[in-house]
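Have a look at the structure below before the remarks.
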Amino acid sequence: MTQPKWHLPVDRYFDPDPTQRRLAQELYDSVAHLPLICPHGHVSPRLFADEKATLGTPAELLIIPDHYVFRMLYSQGIPMEALGIPRSDGGPVEQDHHKIWQTFADHFDLFRGTPTGVWLAHELREVFGIQEKLTGETASDVYDQIVAKLALPEFRPRALFERFNIEVLCTTDAATDPLLHHQAIRASGWKGDVRPTFRPDSVVNLLTRGWRANIDALSQVSGIAVSSYRTFIQALEKQRALCKSLGARATDHGAQSAYTTALSPTETEAIFQRARRGEANPEDAHRFTAHMLMESARMSIEDGLVMQLHVGSVRNHNRWLFERFGADMGSDIPERSEFTHNLHPLLDKYGNDTRLTLILFNLDESTYARELAPLVGHYPALRLGPPWWFYDSLNGMKRYFDLVMETAGLYNTVGFNDDTRAFPSIPARHDLWRRASANWIAGLATRGIVDSDDAREMVLDMAYRLAKKAYRLDQK
Amino acid sequence: MTQPKWHLPVDRYFDPDPTQRRLAQELYDSVAHLPLICPHGHVSPRLFADEKATLGTPAELLIIPDHYVFRMLYSQGIPMEALGIPRSDGGPVEQDHHKIWQTFADHFDLFRGTPTGVWLAHELREVFGIQEKLTGETASDVYDQIVAKLALPEFRPRALFERFNIEVLCTTDAATDPLLHHQAIRASGWKGDVRPTFRPDSVVNLLTRGWRANIDALSQVSGIAVSSYRTFIQALEKQRALCKSLGARATDHGAQSAYTTALSPTETEAIFQRARRGEANPEDAHRFTAHMLMESARMSIEDGLVMQLHVGSVRNHNRWLFERFGADMGSDIPERSEFTHNLHPLLDKYGNDTRLTLILFNLDESTYARELAPLVGHYPALRLGPPWWFYDSLNGMKRYFDLVMETAGLYNTVGFNDDTRAFPSIPARHDLWRRASANWIAGLATRGIVDSDDAREMVLDMAYRLAKKAYRLDQK
Amino acid sequence: MTQPKWHLPVDRYFDPDPTQRRLAQELYDSVAHLPLICPHGHVSPRLFADEKATLGTPAELLIIPDHYVFRMLYSQGIPMEALGIPRSDGGPVEQDHHKIWQTFADHFDLFRGTPTGVWLAHELREVFGIQEKLTGETASDVYDQIVAKLALPEFRPRALFERFNIEVLCTTDAATDPLLHHQAIRASGWKGDVRPTFRPDSVVNLLTRGWRANIDALSQVSGIAVSSYRTFIQALEKQRALCKSLGARATDHGAQSAYTTALSPTETEAIFQRARRGEANPEDAHRFTAHMLMESARMSIEDGLVMQLHVGSVRNHNRWLFERFGADMGSDIPERSEFTHNLHPLLDKYGNDTRLTLILFNLDESTYARELAPLVGHYPALRLGPPWWFYDSLNGMKRYFDLVMETAGLYNTVGFNDDTRAFPSIPARHDLWRRASANWIAGLATRGIVDSDDAREMVLDMAYRLAKKAYRLDQK
């Protein structure tokens with residue numbers, strides 16, 4: 001078997017100029033071992049609720065749940081079934097995880113130069129200690145090594161949480177979630193700091209499949225019979241309070257556009273009742289979401305939860321795939337976004353209120369310099385989130401730094417979110433951000449734009465302090 | 001007191017590679033001491049009309065009038081009142097300029113990596129000779145040093161104009177302005193070349209607050225009773241002639257979009273009369289502005305004034321702030337722009353006319369490579385202005401060079417405008433442009449894209465010759 | 001006469017850092033001499049049909065047919081007539097090609113830093129062996145040298161084809177073209193691999209000038225009387241088959257937008273009949289083109305021809321120029337594009353079909369990372385074409401690599417197309433792509449993003465293998 005030498009260069013991701021590289025390394029080294037602040041992501045709290053939880057097979061860990069991975073394989077003609085992705089109709093898919101892994105490894109070349117490629121390299125090397133490059137030839141051997149590691153107690157989620165040096169991890173939790181895992185974590189006495197985040201999309205977006213059932217679930221979980229807009233708001237407020245009592249510092253809102261508007265009580269109630277009767281149309285849903293963004297800002301001012309808004313993804317673009325495999329299958333495609341006009345109503349009402357922190361995330365980079373940086377560089381209530389999704393990458397970060405920072409100012413940004421479902425990819429993602437940040441700051445310093453004192457402060461801010469402050473994790 | 005060593009690196013803003021940096025330095029040195037051509041900006045001619053004019057306190061000089069500065073402080077929750085920004089209702093604001101300065105210095109970290117940060121560093125170091133880095137600790141000492149400097153005769157505006165080596169400075173003057181300061185400058189015998197620029201926005205934009213009063217002012221200043229579209233045009237033409245007689249070489253037009261259209265005489269008159277009665281609606285205003293852009297191009301062909309068009313800013317986005325503090329308070333937010341279709345009517349009529357020079361400015365960089373570079377790289381009447389406003393920055397210039405030059409060609413651009421209200425920032429802004437230009441050209445030369453003869457010519461063009469030629473300042 | 005030393009640096013276009021430059025050179029050297037794959041372009045097959053064909057005068061070769069060249073000269077006020085561009089009305093234009101060349105050379109500075117500038121330098125130096133830099137002073141001497149070269153047998157098109165090491169060259173041929181030149185090439189026994197590409201725009205776009213005559217030509221060439229939508233489709237299918245029989249591997253489709261839709265048979269027929277009566281309106285044309293894109297995808301699935309779609313150009317923007325000189329005169333201006341929604345109907349129907357390869361080309365770079373990369377990184381039927389037209393440049397490629405590759409993955413792109421009418425510019429264009437690719441990959445490798453084994457494979461893919469595979473030129 002070929003056994004390629006394989007390592008992760010210590011100075012990876014830094015610009016090649018020796019002066020900049022040396023400084024980038026120095027700045028990176030100063031923050032590389034700081035604890036990880038994870039204020040937004042999609043790791044399941046279930047992993048930490050039970051101290052005996054495990055991470056499954058290598059395929060269950062790295063392929064089957066990761067839409068970054070299987071969308072790329074699918075784009076090259078590999079059927080989802082061959083990767084073990086469960087079908088909605090329960091039809092047959094590959095069950096042999098060894099074979100799934102082999103298919104993945106045979107095509108690992110597809111990930112050359114991609115964020116997934118570098119995250120996986122980091123995970124294999126640093127988390128699992130694999131010494132070989134993954135190829136079709138080494139696939140089986142690598143598989144066996146991972147299996148062996150996963151069987152060890154130190155590869156259980158809680159152990160990895162500690163080894164990863166995670167200071168705090170916030171999950172994302174539906175408004176209808178009773179938060180039992182979070183309660184179990186708190187009750188267990190384990191010292192890991194895991195907190196929920198309140199995400200009401202599935203009850204706010206009137207066109208969500210199963211919206212009516214979600215409303216019933218909300219009634220049940222909150223103990224408030226949701227039969228009107230008024231009771232709907234009461235139930236949401238009650239669930240926010242529950243979430244907050246379990247440590248939540250933030251809410252999260254997904255919307256196709258950033259459109260905001262204030263509806264009259266009459267219209268709000270009328271739309272809500274149409275939705276209850278299954279008669280809401282797309283325009284109803286669009287206006288209701290826009291209204292609820294303003295209402296959520298109002299609640300945030302009252303209860304102090306930081307508000308996050310993720311905008312711009314057309315979900316489940318591939319309808320055939322959606323019917324066959326369900327949501328989140330790698331076919332969410334961004335569209336053009338607009339903030340200057342869409343956020344105007346909300347900003348008119350709450351933009352000058354320093355009690356509100358509204359963090360914006362976006363998938364249309366043409367708005368970075370044109371709209372988002374000027375907005376967050378002016379309104380006290382606004383902050384800009386880190387590069388999201390497809391832009392959580394070396395070039396995505398580089399463009400973000402270049403397009404945003406001059407106008408927004410570093411201190412109107414909020415550091416990093418890993419935003420991942422893939423728990424063992426967390427260190428890789430933070431490491432990439434910290435390296436990219438160090439390299440950017442080193443670039444400023446070697447060009448005489450900031451001095452070395454400023455550079456040292458800035459890298460600390462980006463690696464650790466900004467996220468903690470923006471999400472109010474530094475507050476009791 | 002800590003006394004940080006503080007200097008501006010001589011090779012600042014250049015790429016770190018030693019070969020490119022050496023060449024950039026050499027190219028920069030060849031133009032660093034050329035006179036400044038300032039063909040567009042917002043410095044008040046009042047400063048030069050009276051030889052005894054002074055620049056006020058450090059806060060009046062660097063904070064209170066500079067929306068780049070206070071928007072950033074405001075975005076972090078510092079009230080405008082604490083910065084001494086006058087309220088429209090005359091309500092109380094901070095009067096102690098020493099204290100305003102302290103607040104500013106306490107938060108000077110916010111400007112790390114921003115254009116404002118590097119301009120201020122340049123001003124403090126090079127214009128005022130400050131040897132300390134501005135911090136909360138050094139604030140008071142720096143303040144006193146600036147006060148002492150401002151009291152000296154060599155810090156009066158005319159003296160600085162000469163020290164800055166300004167060859168020509170064009171101001172921006174409302175169509176209703178009697179240009180008394182300009183007349184006073186000419187009458188004074190002072191040799192500084194200060195010229196007006198004709199800007200008719202306040203009478204062309206029918207929704208401007210006080211439009212009716214502006215029309216009356218136009219009647220008064222022109223001696224033509226403006227009661228119809230015909231007399232409106234006559235008054236504008238008379239004022240353009242006055243402006244030209246005082247040295248003007250250009251006009252300037254601000255519009256939210258680049259939309260142009262030719263209205264019929266009947267419609268033009270009808271809209272104008274509705275406006276006089278206070279009945280113009282947004283669609284009227286939109287169409288009238290579009291029509292007046294074409295009419296202004298016609299006038300430019302006749303009187304030879306270069307036409308500037310600034311597009312894309314949604315003015316006074318923060319309505320609460322606008323009501324409280326008035327216009328130009330840091331809350332102008334760009335929106336998406338479009339040129340390919342919007343400029344079509346104007347280009348159909350005048351785009352092939354070599355007598356017209358229409359210089360375009362824009363806040364939506366996605367149009368640079370897609371629309372603007374192809375347009376100015378084809379139509380003889382078009383030129384592209386330098387990166388404007390938020391893009392008057394190192395990254396803004398870098399992106400402009402990268403996105404525009406290959407398709408537009410350098411010679412369809414017009415060099416640099418400082419476009420500033422902040423008189424003492426002029427050298428800093430030109431220095432930044434000259435360094436960025438030298439670095440860009442050095443990058444081309446070290447990549448074998450241009451040879452060293454071309455490089456030497458190009459840097460001269462960018463630093464000095466293009467602006468002079470485009471604005472016809474090389475003509476008698 | 002001044003005789004500037006003039007050469008093309010061997011390491012041109014590479015980043016200046018010595019480590020990256022060394023690796024870029026090594027990677028480039030490994031592919032510099034590979035055969036050229038030219039799967040899409042606009043060279044006339046006439047050049048190869050007759051072994052005695054010649055390339056005309058230097059002005060006929062490099063200026064008169066090249067809209068990149070004359071648009072830039074025109075933008076600076078040089079009349080098209082002075083460059084010998086034929087007028088539609090047959091009016092007088094410059095006939096002295098020596099004089100046209102002199103005008104061009106006098107203004108060669110305009111091409112500093114442009115792709116045209118570097119292509120021309122390559123052509124003059126490498127194809128024609130010119131040792132002097134082109135200037136007003138050397139113009140005449142350079143002209144005479146080129147004339148002397150063009151008279152030699154080794155400068156006939158077939159000889160250059162072989163010297164350029166072109167493995168395959170695909171032309172672009174109207175649906176109405178009887179393909180006589182292609183038949184002549186095949187009949188001649190010459191071993192050069194020249195293939196047609198089926199381009200039906202002139203019969204699909206109902207608003208094309210002369211559409212009715214084109215339909216008649218289609219009837220004639222296909223032998224099918226096109227009197228209905230059904231017979232129209234039959235004729236197209238017959239011509240596709242002819243094209244394929246002469247070696248075609250692809251079709252090409254130009255459209256202002258990427259809008260696709262499936263019309264009912266009734267509507268299709270109604271629109272087609274309105275068009276036959278000269279009564280089709282812009283909405284008819286828009287919907288018919290959208291429908292025909294889907295119909296073309298269906299045909300591609302059936303006959304195996306790869307489908308190319310070029311989107312985003314507003315043709316003949318300068319109407320005065322169009323009336324005077326005709327189409328393709330340098331005034332095609334891009335507009336904003338949209339793919340996420342526009343392609344949805346086509347992708348719903350065919351996006352998961354691995355028999356289809358649809359290659360997208362586009363002039364709105366804001367869609368690269370936002371829409372195109374996520375789409376081609378998911379749908380098996382989609383691939384992304386190389387940077388097109390204004391973006392076939394060093395910066396255009398750099399932005400494409402940075403914006404596309406992380407999300408699309410290299411293997412959902414298709415290598416390079418020169419897309420040129422200018423036959424002798426082909427080596428220059430491929431050389432630029434190969435250098436830009438090598439430099440990009442070297443940048444990844446020096447940053448530890450890919451290892452050296454991957455780097456060597458990737459540069460081979462980009463320079464040669466991807467194009468061959470995507471266009472099915474590796475299939476019998």
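How things are named: the first chain in the structure tokens is A, the next is B, and so on; residues count from 1 in each chain; ligands count from 1 in the order shown.
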
Quick one: DSSP alpha helix (DSSP H) residues in segment 1-185 of chain A, as a ChimeraX atom specification? /A:18-31,46-49,58-62,67-75,97-106,115-122,139-150,157-163,180-185

Residues near segment 255-270 of chain A, cut-off 9 Å, only C-alpha atoms, skip fewer than 6 positions along chain, as a VMD selection string: chain A and resid 201 205 228 to 230 286 to 295 309 to 315 334 to 339 341 to 346

Selected residues written out with C-alpha atoms, as a compact mmCIF listing (two decimals), in the first residue's frame:
```txt
# COMPACT_ATOMS: atom_id res chain seq x y z
CA ASP A 201 -39.05 29.53 12.44
CA ASN A 205 -43.16 30.64 8.85
CA SER A 228 -55.08 33.51 18.24
CA TYR A 229 -52.24 35.84 17.47
CA ARG A 230 -52.36 37.05 21.06
CA HIS A 286 -44.14 36.84 3.67
CA ARG A 287 -45.88 39.63 5.57
CA PHE A 288 -46.29 37.62 8.74
CA THR A 289 -42.60 36.71 8.86
CA ALA A 290 -41.73 40.37 8.28
CA HIS A 291 -44.02 41.39 11.12
CA MET A 292 -42.68 38.72 13.45
CA LEU A 293 -39.11 39.93 12.93
CA MET A 294 -40.20 43.27 14.37
CA GLU A 295 -42.12 41.59 17.14
CA LEU A 309 -31.19 36.89 11.63
CA HIS A 310 -30.08 34.52 8.85
CA VAL A 311 -31.19 35.69 5.43
CA GLY A 312 -31.01 34.64 1.81
CA SER A 313 -31.34 30.89 1.32
CA VAL A 314 -33.90 29.37 -1.01
CA ARG A 315 -34.51 26.14 0.83
CA PRO A 334 -28.78 31.46 -2.07
CA GLU A 335 -30.52 34.30 -3.84
CA ARG A 336 -29.88 38.02 -4.09
CA SER A 337 -30.57 39.91 -0.82
CA GLU A 338 -31.46 43.46 0.11
CA PHE A 339 -31.13 45.15 3.50
CA HIS A 341 -34.89 49.04 2.36
CA ASN A 342 -36.02 45.74 3.87
CA LEU A 343 -34.70 46.47 7.34
CA HIS A 344 -35.88 50.07 7.30
CA PRO A 345 -39.12 49.58 9.24
CA LEU A 346 -37.40 47.61 11.98
```

For a quick test of understanding: name the residues of chain A lying within 6 Å of chain B when counting only C-alpha atoms, and present them as a list in words.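 Residues of chain A within 6 Å of chain B, counting only C-alpha atoms: Asp17, Arg370, Glu371, Gly377, His378, Tyr379, Pro380, Glu406, Arg447 and Gly448 of chain A.
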
Quick one: everything within 9 Å of Val93 of chain C, counting only C-alpha atoms, minus sequence neighbours fewer than 4 positions away in the same chain. Send it as a VMD selection string. chain C and resid 80 to 87

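The coordinates place atom CA of Met307 of chain B at 16.1 Å from atom CA of Leu372 of chain B.
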
As a list in words, list the residues of segment 35-265 of chain B assigned to strand (DSSP E) by DSSP on the backbone atoms of this structure.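 Residues meeting the strand (DSSP E) criterion: Leu36, Ile37, Cys38, Ile166, Glu167, Val168, Leu169, Cys170, Asp173, Ala174, Val194, Arg195, Phe198, Arg199, Ala250, Thr251, Asp252, His253, Gly254 and Ala255 of chain B.
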
Output N, CA, C and O atoms for every residue in the selection just made, as a PDB file, in the first residue's frame.
```pdb
ATOM      1  N   LEU B  36      -1.088  68.848  -5.681  1.00  0.00           N
ATOM      2  CA  LEU B  36      -2.370  68.148  -5.575  1.00  0.00           C
ATOM      3  C   LEU B  36      -3.399  68.787  -6.495  1.00  0.00           C
ATOM      4  O   LEU B  36      -3.609  69.997  -6.453  1.00  0.00           O
ATOM      5  N   ILE B  37      -4.044  67.933  -7.295  1.00  0.00           N
ATOM      6  CA  ILE B  37      -5.192  68.356  -8.103  1.00  0.00           C
ATOM      7  C   ILE B  37      -6.434  67.895  -7.352  1.00  0.00           C
ATOM      8  O   ILE B  37      -6.603  66.704  -7.123  1.00  0.00           O
ATOM      9  N   CYS B  38      -7.291  68.848  -6.975  1.00  0.00           N
ATOM     10  CA  CYS B  38      -8.489  68.528  -6.168  1.00  0.00           C
ATOM     11  C   CYS B  38      -9.734  68.968  -6.936  1.00  0.00           C
ATOM     12  O   CYS B  38     -10.334  70.003  -6.617  1.00  0.00           O
ATOM     13  N   ILE B 166      -1.347  72.487  -2.954  1.00  0.00           N
ATOM     14  CA  ILE B 166      -2.560  72.297  -3.753  1.00  0.00           C
ATOM     15  C   ILE B 166      -2.477  73.180  -5.002  1.00  0.00           C
ATOM     16  O   ILE B 166      -2.364  74.397  -4.892  1.00  0.00           O
ATOM     17  N   GLU B 167      -2.533  72.548  -6.150  1.00  0.00           N
ATOM     18  CA  GLU B 167      -2.468  73.323  -7.403  1.00  0.00           C
ATOM     19  C   GLU B 167      -3.816  73.927  -7.718  1.00  0.00           C
ATOM     20  O   GLU B 167      -3.905  75.057  -8.197  1.00  0.00           O
ATOM     21  N   VAL B 168      -4.861  73.161  -7.461  1.00  0.00           N
ATOM     22  CA  VAL B 168      -6.212  73.677  -7.697  1.00  0.00           C
ATOM     23  C   VAL B 168      -7.175  72.925  -6.782  1.00  0.00           C
ATOM     24  O   VAL B 168      -7.032  71.716  -6.572  1.00  0.00           O
ATOM     25  N   LEU B 169      -8.135  73.683  -6.236  1.00  0.00           N
ATOM     26  CA  LEU B 169      -9.150  73.091  -5.355  1.00  0.00           C
ATOM     27  C   LEU B 169     -10.520  73.526  -5.848  1.00  0.00           C
ATOM     28  O   LEU B 169     -10.807  74.730  -5.902  1.00  0.00           O
ATOM     29  N   CYS B 170     -11.361  72.555  -6.210  1.00  0.00           N
ATOM     30  CA  CYS B 170     -12.721  72.880  -6.637  1.00  0.00           C
ATOM     31  C   CYS B 170     -13.680  72.588  -5.493  1.00  0.00           C
ATOM     32  O   CYS B 170     -13.646  71.500  -4.911  1.00  0.00           O
ATOM     33  N   ASP B 173     -20.883  73.947  -5.003  1.00  0.00           N
ATOM     34  CA  ASP B 173     -21.686  75.128  -4.692  1.00  0.00           C
ATOM     35  C   ASP B 173     -23.093  74.985  -5.241  1.00  0.00           C
ATOM     36  O   ASP B 173     -23.283  74.635  -6.417  1.00  0.00           O
ATOM     37  N   ALA B 174     -24.057  75.253  -4.377  1.00  0.00           N
ATOM     38  CA  ALA B 174     -25.455  75.141  -4.783  1.00  0.00           C
ATOM     39  C   ALA B 174     -25.749  76.105  -5.928  1.00  0.00           C
ATOM     40  O   ALA B 174     -25.128  77.165  -6.052  1.00  0.00           O
ATOM     41  N   VAL B 194      -8.741  78.427  -6.403  1.00  0.00           N
ATOM     42  CA  VAL B 194      -9.950  77.824  -5.834  1.00  0.00           C
ATOM     43  C   VAL B 194     -11.097  78.100  -6.806  1.00  0.00           C
ATOM     44  O   VAL B 194     -11.298  79.241  -7.203  1.00  0.00           O
ATOM     45  N   ARG B 195     -11.813  77.062  -7.184  1.00  0.00           N
ATOM     46  CA  ARG B 195     -12.859  77.205  -8.206  1.00  0.00           C
ATOM     47  C   ARG B 195     -14.174  76.602  -7.738  1.00  0.00           C
ATOM     48  O   ARG B 195     -14.177  75.592  -7.043  1.00  0.00           O
ATOM     49  N   PHE B 198     -20.746  73.710 -10.044  1.00  0.00           N
ATOM     50  CA  PHE B 198     -22.186  73.971 -10.072  1.00  0.00           C
ATOM     51  C   PHE B 198     -22.967  72.730  -9.687  1.00  0.00           C
ATOM     52  O   PHE B 198     -22.934  71.722 -10.389  1.00  0.00           O
ATOM     53  N   ARG B 199     -23.685  72.798  -8.565  1.00  0.00           N
ATOM     54  CA  ARG B 199     -24.475  71.639  -8.131  1.00  0.00           C
ATOM     55  C   ARG B 199     -25.938  72.018  -7.946  1.00  0.00           C
ATOM     56  O   ARG B 199     -26.309  72.647  -6.938  1.00  0.00           O
ATOM     57  N   ALA B 250     -16.703  72.272 -13.906  1.00  0.00           N
ATOM     58  CA  ALA B 250     -17.566  71.089 -13.817  1.00  0.00           C
ATOM     59  C   ALA B 250     -18.879  71.403 -13.110  1.00  0.00           C
ATOM     60  O   ALA B 250     -19.001  72.409 -12.397  1.00  0.00           O
ATOM     61  N   THR B 251     -19.816  70.509 -13.313  1.00  0.00           N
ATOM     62  CA  THR B 251     -21.053  70.493 -12.540  1.00  0.00           C
ATOM     63  C   THR B 251     -21.076  69.179 -11.775  1.00  0.00           C
ATOM     64  O   THR B 251     -20.316  68.266 -12.071  1.00  0.00           O
ATOM     65  N   ASP B 252     -21.979  69.096 -10.807  1.00  0.00           N
ATOM     66  CA  ASP B 252     -22.096  67.862 -10.040  1.00  0.00           C
ATOM     67  C   ASP B 252     -23.568  67.576  -9.770  1.00  0.00           C
ATOM     68  O   ASP B 252     -24.333  68.499  -9.458  1.00  0.00           O
ATOM     69  N   HIS B 253     -23.939  66.307  -9.899  1.00  0.00           N
ATOM     70  CA  HIS B 253     -25.334  65.920  -9.776  1.00  0.00           C
ATOM     71  C   HIS B 253     -25.423  64.688  -8.900  1.00  0.00           C
ATOM     72  O   HIS B 253     -24.739  63.690  -9.164  1.00  0.00           O
ATOM     73  N   GLY B 254     -26.249  64.749  -7.871  1.00  0.00           N
ATOM     74  CA  GLY B 254     -26.489  63.582  -7.020  1.00  0.00           C
ATOM     75  C   GLY B 254     -27.871  63.038  -7.315  1.00  0.00           C
ATOM     76  O   GLY B 254     -28.823  63.809  -7.441  1.00  0.00           O
ATOM     77  N   ALA B 255     -27.980  61.730  -7.424  1.00  0.00           N
ATOM     78  CA  ALA B 255     -29.290  61.128  -7.677  1.00  0.00           C
ATOM     79  C   ALA B 255     -29.300  59.755  -7.052  1.00  0.00           C
ATOM     80  O   ALA B 255     -28.274  59.082  -6.988  1.00  0.00           O
TER      81      ALA B 255
END
```

In Å, with one decimal, what is the gap from atom CA of Gln145 of chain C to atom CA of Glu51 of chain C?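 Separation of atom CA of Gln145 of chain C and atom CA of Glu51 of chain C: 23.0 Å.
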
As JSON, numbers by chain, please: the residues near Phe164 of chain C (cut-off 12 Å, only C-alpha atoms, same-chain neighbours under 6 positions excluded). {"C": [32, 33, 34, 35, 36, 37, 38, 123, 126, 127, 154, 155, 156, 157, 158, 192, 423, 424, 425, 426, 427, 428, 429, 430, 431]}
